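Everything on this sheet refers to the single structure shown next.
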Amino acid sequence: MANKFINVEVGIDLYNHIKNHTVFLGENYKIISPTYYFLVRISMEAREEEDWYAPFTSQRLKSLFKAYGCSYNDVLAALEELGLILPRIKGFFDRTGSGKSRCARFKLTELGQDLVARSETEYLRKLHADPILRRRSQKRRSKNKLSALEEVKTGLEGRIQRTLFELQYDREAIAPLLEDQSLTKHEKICLTHSLANFEEGNLRVSRGEKDGRLHHSWVQLKKEARPFFTLKGRRYTHTIDIRACHPTFFGQYIGDFAWNTLAFAKARLRNDENFEKSYFLFKESCILNNIKLNLWYDSNIYIDSNINIKDISNNYIFISSSSSISHILHYLVENGDNLAAEIKNWNDFWTQEEDPRKIIAAELGAKTDKRIKGSINSAINGSNNMMSKWIAKTYPQLSSIWSKTKLDVTGNQISRFYESKLMLNPTIYDVAEHLDLQILSEHDGVGVFSKDGEYSSLEKCRTLVAYIVAASQKKFGLKVRLAIKISDVGG
C-alpha cells in the first residue's frame, strides 16, 4: 500500500521512527498527525511547570484522538515503547475545572525532544524557502486572521488580538538564532513553533484561568527572538517589567488573604466576639500602617451564609481547610497589629530602590542574586528551601498566616489579583499610544515598540513607568519598582 502520509509538519526522522509501530500501521497512519500535535503541546506547556511535566486531562486526550477511532491509552503506550515520552505520572485532578476530570502529566524524553526539535526546524525552513508551502501558509494566515477577528473579543484581549497580526519578523536576520548551538532542544522547539505560528496566523489570545494572564504567541516567543520583530513600522526597543513581581506583592497578598477570610466569616460570625475583635483590630492596624486592603471578589459573595465552605475554599479565598478560618480569627485577635506591621516592613523592603535580592544574597552568602530570584519564587509557591526559611525567620507573622493558605497557588493568585490587574489595565495601552509607542503584554510587564531613537524612546518609557507606578499606588497602595531594559536589537 502506498504511503499516504503528507503532513509536512512531521519531520522525516520522527516519521520513520514511529511509522512501523502497530498503533500507526495501515489506515492508522492518520493518527500520526494528532500524535505529533500532542508531542509538541507537551513541550510547549511543560515550560509552565517546575518539573517540566505537562498536565493533560482525560477529556482533552479523548477529544484529541476520538475522531480517529483509537484509544488514547494505546497511543500513550506506543509513545512510551518508542522512547518518546517518559512514563506518565497519574493520580492528579484538574484544579482549574470542576475537580472531577482526571489528569496525568507527561514529559518528553531526550529522544522525543530531539526528534520534535528537528521536525519543527525542518518545517520552519520549508515555510521560509518553499514558495508553494509559503503560499499555503499565507492563505492559512488570512483565514485564521479573519476567524480570530470575527470572534467577539472586547477590551484588551481584542486589542492585543488585532495587534498580533500586525507583527512581522525578518526571516534572514533571525536565521543565525535558529542555528544557535547553545539552544536546548526544548528551547528550539518553542522558538521554531512560535515562529511558525506567526507565519500561519495561529495567534489566538486566551486568558489563563489560574493566573489571569493573557497567553499568546508573543508571550511564548523566546525573548532573544523578539528584537527581530517590528510592529507598524516600529522597532522592538525596550521591555518594562515589575521587578521581583511575586515577592513585591506577597505581603499585600497575605494581608488581603486575611481580610478576605474575615469578609467571608462576617456572614456566619457577625456576633462572635473573636470575629468582632479581629475584624476591627486588623482593619485599624492596617490603616495605621498605610496598608490598603482589597476584596478579591464582589462582597456579595460573602453575604450568603449558605455558601458551602468547601466551595469557597476551592474557588475563592484559597484557605487550606475550613478550620483555618477559626485559626485566623483567633490569631488576628492577638497578632493583628504585628501582622500589619510586618506587611508594611515587607512592602517597604521589596519596593526600596536597591534590589532586595542583592541584599538577601549578601545576607545569606549566596553567590548570585539570580539564585535568590529562583529560590524565592519557588518558596512562595510552597517549596521548602533557603528562602522559605528566611521568610519564616524574618517575617514570622506573615509566615504563620501564609501556612493556612494553599501554598502551591500563591504565585498564580498573585499573578491573578495583582500583576494582571495592574499590567493588563487598558489605560496603560492608551497612555502608550498617546506617547506614540506600541506595547504588547509580556509576563510581569510589556514589550515596547518605538519609531524614535534610543534616548527619546527611553524618556517615553520613563513616562509610561511613572503612570504605572501611580496606578499601582492608587489600586494597591504599593509603589512598585519597574525595570526598563533596552532590547538587544537584531538585524
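Each chain in the C-alpha cells gets a letter, A, B and so on, in the order shown; residues start at 1 in every chain, and ligands are counted from 1 in the order they appear.
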
Residues of range 36-61 of chain A that have any atom at most 9 Å from an atom of range 69-85 of chain A: could you tabulate them with the shortest-distance atom pair and the distance in Å to one decimal, using only C-alpha atoms, ordered by chain and increasing number, as JSON lines?
```
{"residue": "A:Leu39", "atom": "CA", "partner": "A:Ile85", "partner_atom": "CA", "distance": 8.3}
{"residue": "A:Ser58", "atom": "CA", "partner": "A:Tyr72", "partner_atom": "CA", "distance": 8.9}
{"residue": "A:Leu61", "atom": "CA", "partner": "A:Tyr72", "partner_atom": "CA", "distance": 6.3}
```

Residues near range 447-463 of chain A, anyone? I mean within 6 Å using only C-alpha atoms, not counting same-chain ones fewer than 4 positions away, as an mmCIF file with N, CA and C atoms, in the first residue's frame.
```cif
data_model
loop_
_atom_site.group_PDB
_atom_site.id
_atom_site.type_symbol
_atom_site.label_atom_id
_atom_site.label_comp_id
_atom_site.auth_asym_id
_atom_site.auth_seq_id
_atom_site.Cartn_x
_atom_site.Cartn_y
_atom_site.Cartn_z
ATOM 1 N N ARG A 234 7.499 50.149 13.748
ATOM 2 C CA ARG A 234 8.261 50.454 14.958
ATOM 3 C C ARG A 234 9.153 49.269 15.330
ATOM 4 N N ARG A 235 10.348 49.582 15.849
ATOM 5 C CA ARG A 235 11.265 48.527 16.304
ATOM 6 C C ARG A 235 10.960 48.150 17.753
ATOM 7 N N TYR A 236 11.314 46.920 18.091
ATOM 8 C CA TYR A 236 11.200 46.453 19.479
ATOM 9 C C TYR A 236 12.404 47.008 20.235
ATOM 10 N N THR A 237 12.175 48.015 21.071
ATOM 11 C CA THR A 237 13.300 48.752 21.660
ATOM 12 C C THR A 237 13.522 48.510 23.150
ATOM 13 N N HIS A 238 12.438 48.257 23.906
ATOM 14 C CA HIS A 238 12.582 48.132 25.358
ATOM 15 C C HIS A 238 11.586 47.111 25.921
ATOM 16 N N THR A 239 11.882 46.662 27.124
ATOM 17 C CA THR A 239 10.895 45.944 27.922
ATOM 18 C C THR A 239 10.715 46.706 29.238
ATOM 19 N N LEU A 437 3.923 55.196 21.255
ATOM 20 C CA LEU A 437 4.533 53.881 21.442
ATOM 21 C C LEU A 437 3.474 52.816 21.199
ATOM 22 N N GLN A 438 3.921 51.619 20.821
ATOM 23 C CA GLN A 438 3.058 50.448 20.783
ATOM 24 C C GLN A 438 3.601 49.463 21.814
ATOM 25 N N ILE A 439 2.703 48.862 22.608
ATOM 26 C CA ILE A 439 3.155 47.895 23.603
ATOM 27 C C ILE A 439 2.369 46.592 23.464
ATOM 28 N N LEU A 440 2.996 45.508 23.896
ATOM 29 C CA LEU A 440 2.375 44.188 23.904
ATOM 30 C C LEU A 440 2.625 43.526 25.246
#
```

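CA of Ala175 in chain A sits 10.0 Å away from CA of His128 in chain A.
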
Residue neighbourhood Gly411 in chain A, 7 Å, only C-alpha atoms, exclusion window fewer than 2 positions, as a PyMOL selection string: chain A and resi 246+380-381+409+413-415

Near-Glu353 in chain A list (8 Å; only C-alpha atoms; drop same-chain fewer than 2 positions) as number ranges by chain: A: 351, 355, 481

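The coordinates place CA of Ile401 in chain A at 20.5 Å from CA of Cys245 in chain A.
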
Neighbour list for Gly374 in chain A as number ranges by chain, cut-off 12 Å, only C-alpha atoms, skip fewer than 3 positions in-chain: A: 50, 244, 246-247, 357, 361, 366, 368-371, 377-381, 383, 385-388

Once you have the residues from the selection above, write them out as a CSV table (one decimal), in the first residue's frame, restricted to N, CA and C atoms.
```csv
chain,number,residue,atom,x,y,z
A,50,GLU,N,7.3,23.5,37.0
A,50,GLU,CA,8.6,23.4,37.6
A,50,GLU,C,9.4,22.1,37.3
A,244,ALA,N,11.0,41.8,40.6
A,244,ALA,CA,10.6,40.9,41.6
A,244,ALA,C,9.1,40.9,41.9
A,246,HIS,N,6.4,38.7,42.0
A,246,HIS,CA,5.7,38.0,43.1
A,246,HIS,C,6.1,38.3,44.5
A,247,PRO,N,7.4,38.4,44.8
A,247,PRO,CA,7.7,38.9,46.1
A,247,PRO,C,7.2,40.3,46.5
A,357,ARG,N,16.9,41.5,46.3
A,357,ARG,CA,17.5,40.2,46.1
A,357,ARG,C,19.0,40.2,46.3
A,361,ALA,N,21.0,38.1,49.1
A,361,ALA,CA,22.1,37.3,48.6
A,361,ALA,C,23.4,37.5,49.5
A,366,ALA,N,24.8,33.9,49.4
A,366,ALA,CA,24.6,33.3,48.1
A,366,ALA,C,25.5,33.9,47.1
A,368,THR,N,25.1,34.5,43.8
A,368,THR,CA,24.5,35.5,42.9
A,368,THR,C,23.1,35.7,43.4
A,369,ASP,N,22.5,36.9,43.0
A,369,ASP,CA,21.2,37.2,43.3
A,369,ASP,C,20.2,36.4,42.4
A,370,LYS,N,20.7,35.9,41.3
A,370,LYS,CA,19.9,35.0,40.4
A,370,LYS,C,19.4,33.8,41.2
A,371,ARG,N,20.3,33.3,42.0
A,371,ARG,CA,19.9,32.1,42.8
A,371,ARG,C,18.8,32.5,43.8
A,377,ASN,N,10.9,32.6,44.4
A,377,ASN,CA,9.7,32.3,43.6
A,377,ASN,C,9.3,30.9,43.9
A,378,SER,N,10.2,29.9,44.1
A,378,SER,CA,9.8,28.6,44.4
A,378,SER,C,9.3,28.5,45.8
A,379,ALA,N,9.9,29.3,46.8
A,379,ALA,CA,9.4,29.3,48.2
A,379,ALA,C,8.0,29.8,48.2
A,380,ILE,N,7.7,30.9,47.5
A,380,ILE,CA,6.4,31.5,47.5
A,380,ILE,C,5.3,30.5,47.0
A,381,ASN,N,5.7,29.5,46.2
A,381,ASN,CA,4.8,28.5,45.8
A,381,ASN,C,4.9,27.2,46.6
A,383,SER,N,7.7,25.6,48.1
A,383,SER,CA,8.9,24.8,48.2
A,383,SER,C,9.6,25.1,49.5
A,385,ASN,N,12.9,25.7,51.0
A,385,ASN,CA,14.2,26.0,50.6
A,385,ASN,C,14.8,27.1,51.5
A,386,MET,N,15.9,27.6,51.1
A,386,MET,CA,16.6,28.6,51.9
A,386,MET,C,15.7,29.9,52.0
A,387,MET,N,15.0,30.2,51.0
A,387,MET,CA,14.2,31.4,51.1
A,387,MET,C,12.9,31.2,52.0
A,388,SER,N,12.3,30.0,52.0
A,388,SER,CA,11.2,29.8,52.8
A,388,SER,C,11.6,29.9,54.3
```

Considering only C-alpha atoms, return as a VMD selection string whatever protein or nucleic-acid residues lie within 10 Å of Ser472 in chain A, sequence-local ones (same chain, fewer than 5 positions apart) excluded. chain A and resid 418 to 419 421 to 423 466 to 467 477 to 481

Next, write the just-selected residues to a file, as a PDB file, in the first residue's frame, keeping C-alpha atoms as the atom set.
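Final output, result.pdb:
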```
ATOM      1  CA  TYR A 418      -2.220  41.942  41.391  1.00  0.00           C
ATOM      2  CA  GLU A 419       0.116  41.642  38.401  1.00  0.00           C
ATOM      3  CA  LYS A 421      -4.952  43.752  37.263  1.00  0.00           C
ATOM      4  CA  LEU A 422      -2.102  46.270  37.101  1.00  0.00           C
ATOM      5  CA  MET A 423      -0.314  45.419  33.846  1.00  0.00           C
ATOM      6  CA  ALA A 466       5.567  56.779  36.161  1.00  0.00           C
ATOM      7  CA  TYR A 467       1.951  56.232  35.121  1.00  0.00           C
ATOM      8  CA  GLY A 477      -1.172  51.223  47.970  1.00  0.00           C
ATOM      9  CA  LEU A 478       2.159  49.894  46.664  1.00  0.00           C
ATOM     10  CA  LYS A 479       4.807  51.905  44.867  1.00  0.00           C
ATOM     11  CA  VAL A 480       6.089  49.050  42.721  1.00  0.00           C
ATOM     12  CA  ARG A 481       9.520  49.184  41.144  1.00  0.00           C
TER      13      ARG A 481
END
```

Atomic separation - CA of Asn425 in chain A relative to CA of His215 in chain A, Å: 15.4 Å

Run DSSP on the backbone of this structure and report the residues of range 226-272 of chain A it assigns to alpha helix (DSSP H), as a PyMOL selection string. chain A and resi 245-266

For Asn202 in chain A, please output as a count of residues only all residues within 7 Å (counting only C-alpha atoms; exclusion window: fewer than 4 positions along the same chain). 3

Please identify the strand (DSSP E) residues within range 161-391 of chain A (assignment by DSSP from backbone atoms) and present them as JSON, numbers by chain. {"A": [167, 168, 169, 206, 207, 214, 215, 229, 230, 231, 234, 235, 236, 237, 238, 239, 240, 241, 242]}

Export, as a PDB file, in the first residue's frame, the selected residues with N, CA and C atoms.
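Saved file result.pdb follows:
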```pdb
ATOM      1  N   LEU A 167       2.348  42.129  13.612  1.00  0.00           N
ATOM      2  CA  LEU A 167       3.765  41.847  13.843  1.00  0.00           C
ATOM      3  C   LEU A 167       4.400  41.181  12.629  1.00  0.00           C
ATOM      4  N   GLN A 168       5.650  41.542  12.344  1.00  0.00           N
ATOM      5  CA  GLN A 168       6.419  40.921  11.274  1.00  0.00           C
ATOM      6  C   GLN A 168       7.842  40.701  11.761  1.00  0.00           C
ATOM      7  N   TYR A 169       8.469  39.624  11.274  1.00  0.00           N
ATOM      8  CA  TYR A 169       9.866  39.415  11.656  1.00  0.00           C
ATOM      9  C   TYR A 169      10.734  39.239  10.411  1.00  0.00           C
ATOM     10  N   SER A 206      -5.776  34.060  24.761  1.00  0.00           N
ATOM     11  CA  SER A 206      -6.630  33.456  25.786  1.00  0.00           C
ATOM     12  C   SER A 206      -6.191  33.950  27.154  1.00  0.00           C
ATOM     13  N   ARG A 207      -7.138  33.976  28.078  1.00  0.00           N
ATOM     14  CA  ARG A 207      -6.818  34.399  29.447  1.00  0.00           C
ATOM     15  C   ARG A 207      -6.703  33.164  30.333  1.00  0.00           C
ATOM     16  N   LEU A 214      -2.718  37.005  30.091  1.00  0.00           N
ATOM     17  CA  LEU A 214      -3.072  36.774  28.700  1.00  0.00           C
ATOM     18  C   LEU A 214      -1.988  35.912  28.061  1.00  0.00           C
ATOM     19  N   HIS A 215      -2.402  34.823  27.440  1.00  0.00           N
ATOM     20  CA  HIS A 215      -1.469  33.900  26.810  1.00  0.00           C
ATOM     21  C   HIS A 215      -1.625  33.989  25.291  1.00  0.00           C
ATOM     22  N   PHE A 229      11.540  41.478  15.443  1.00  0.00           N
ATOM     23  CA  PHE A 229      10.164  41.809  15.056  1.00  0.00           C
ATOM     24  C   PHE A 229       9.972  43.318  14.976  1.00  0.00           C
ATOM     25  N   THR A 230       9.064  43.724  14.098  1.00  0.00           N
ATOM     26  CA  THR A 230       8.616  45.110  14.034  1.00  0.00           C
ATOM     27  C   THR A 230       7.090  45.134  14.129  1.00  0.00           C
ATOM     28  N   LEU A 231       6.570  46.284  14.559  1.00  0.00           N
ATOM     29  CA  LEU A 231       5.124  46.449  14.718  1.00  0.00           C
ATOM     30  C   LEU A 231       4.722  47.816  14.181  1.00  0.00           C
ATOM     31  N   ARG A 234       7.499  50.149  13.748  1.00  0.00           N
ATOM     32  CA  ARG A 234       8.261  50.454  14.958  1.00  0.00           C
ATOM     33  C   ARG A 234       9.153  49.269  15.330  1.00  0.00           C
ATOM     34  N   ARG A 235      10.348  49.582  15.849  1.00  0.00           N
ATOM     35  CA  ARG A 235      11.265  48.527  16.304  1.00  0.00           C
ATOM     36  C   ARG A 235      10.960  48.150  17.753  1.00  0.00           C
ATOM     37  N   TYR A 236      11.314  46.920  18.091  1.00  0.00           N
ATOM     38  CA  TYR A 236      11.200  46.453  19.479  1.00  0.00           C
ATOM     39  C   TYR A 236      12.404  47.008  20.235  1.00  0.00           C
ATOM     40  N   THR A 237      12.175  48.015  21.071  1.00  0.00           N
ATOM     41  CA  THR A 237      13.300  48.752  21.660  1.00  0.00           C
ATOM     42  C   THR A 237      13.522  48.510  23.150  1.00  0.00           C
ATOM     43  N   HIS A 238      12.438  48.257  23.906  1.00  0.00           N
ATOM     44  CA  HIS A 238      12.582  48.132  25.358  1.00  0.00           C
ATOM     45  C   HIS A 238      11.586  47.111  25.921  1.00  0.00           C
ATOM     46  N   THR A 239      11.882  46.662  27.124  1.00  0.00           N
ATOM     47  CA  THR A 239      10.895  45.944  27.922  1.00  0.00           C
ATOM     48  C   THR A 239      10.715  46.706  29.238  1.00  0.00           C
ATOM     49  N   ILE A 240       9.504  46.665  29.733  1.00  0.00           N
ATOM     50  CA  ILE A 240       9.197  47.240  31.051  1.00  0.00           C
ATOM     51  C   ILE A 240       8.561  46.131  31.873  1.00  0.00           C
ATOM     52  N   ASP A 241       9.177  45.785  32.987  1.00  0.00           N
ATOM     53  CA  ASP A 241       8.556  44.748  33.816  1.00  0.00           C
ATOM     54  C   ASP A 241       8.693  45.069  35.298  1.00  0.00           C
ATOM     55  N   ILE A 242       7.839  44.426  36.081  1.00  0.00           N
ATOM     56  CA  ILE A 242       7.840  44.642  37.524  1.00  0.00           C
ATOM     57  C   ILE A 242       9.025  43.907  38.131  1.00  0.00           C
TER      58      ILE A 242
END
```
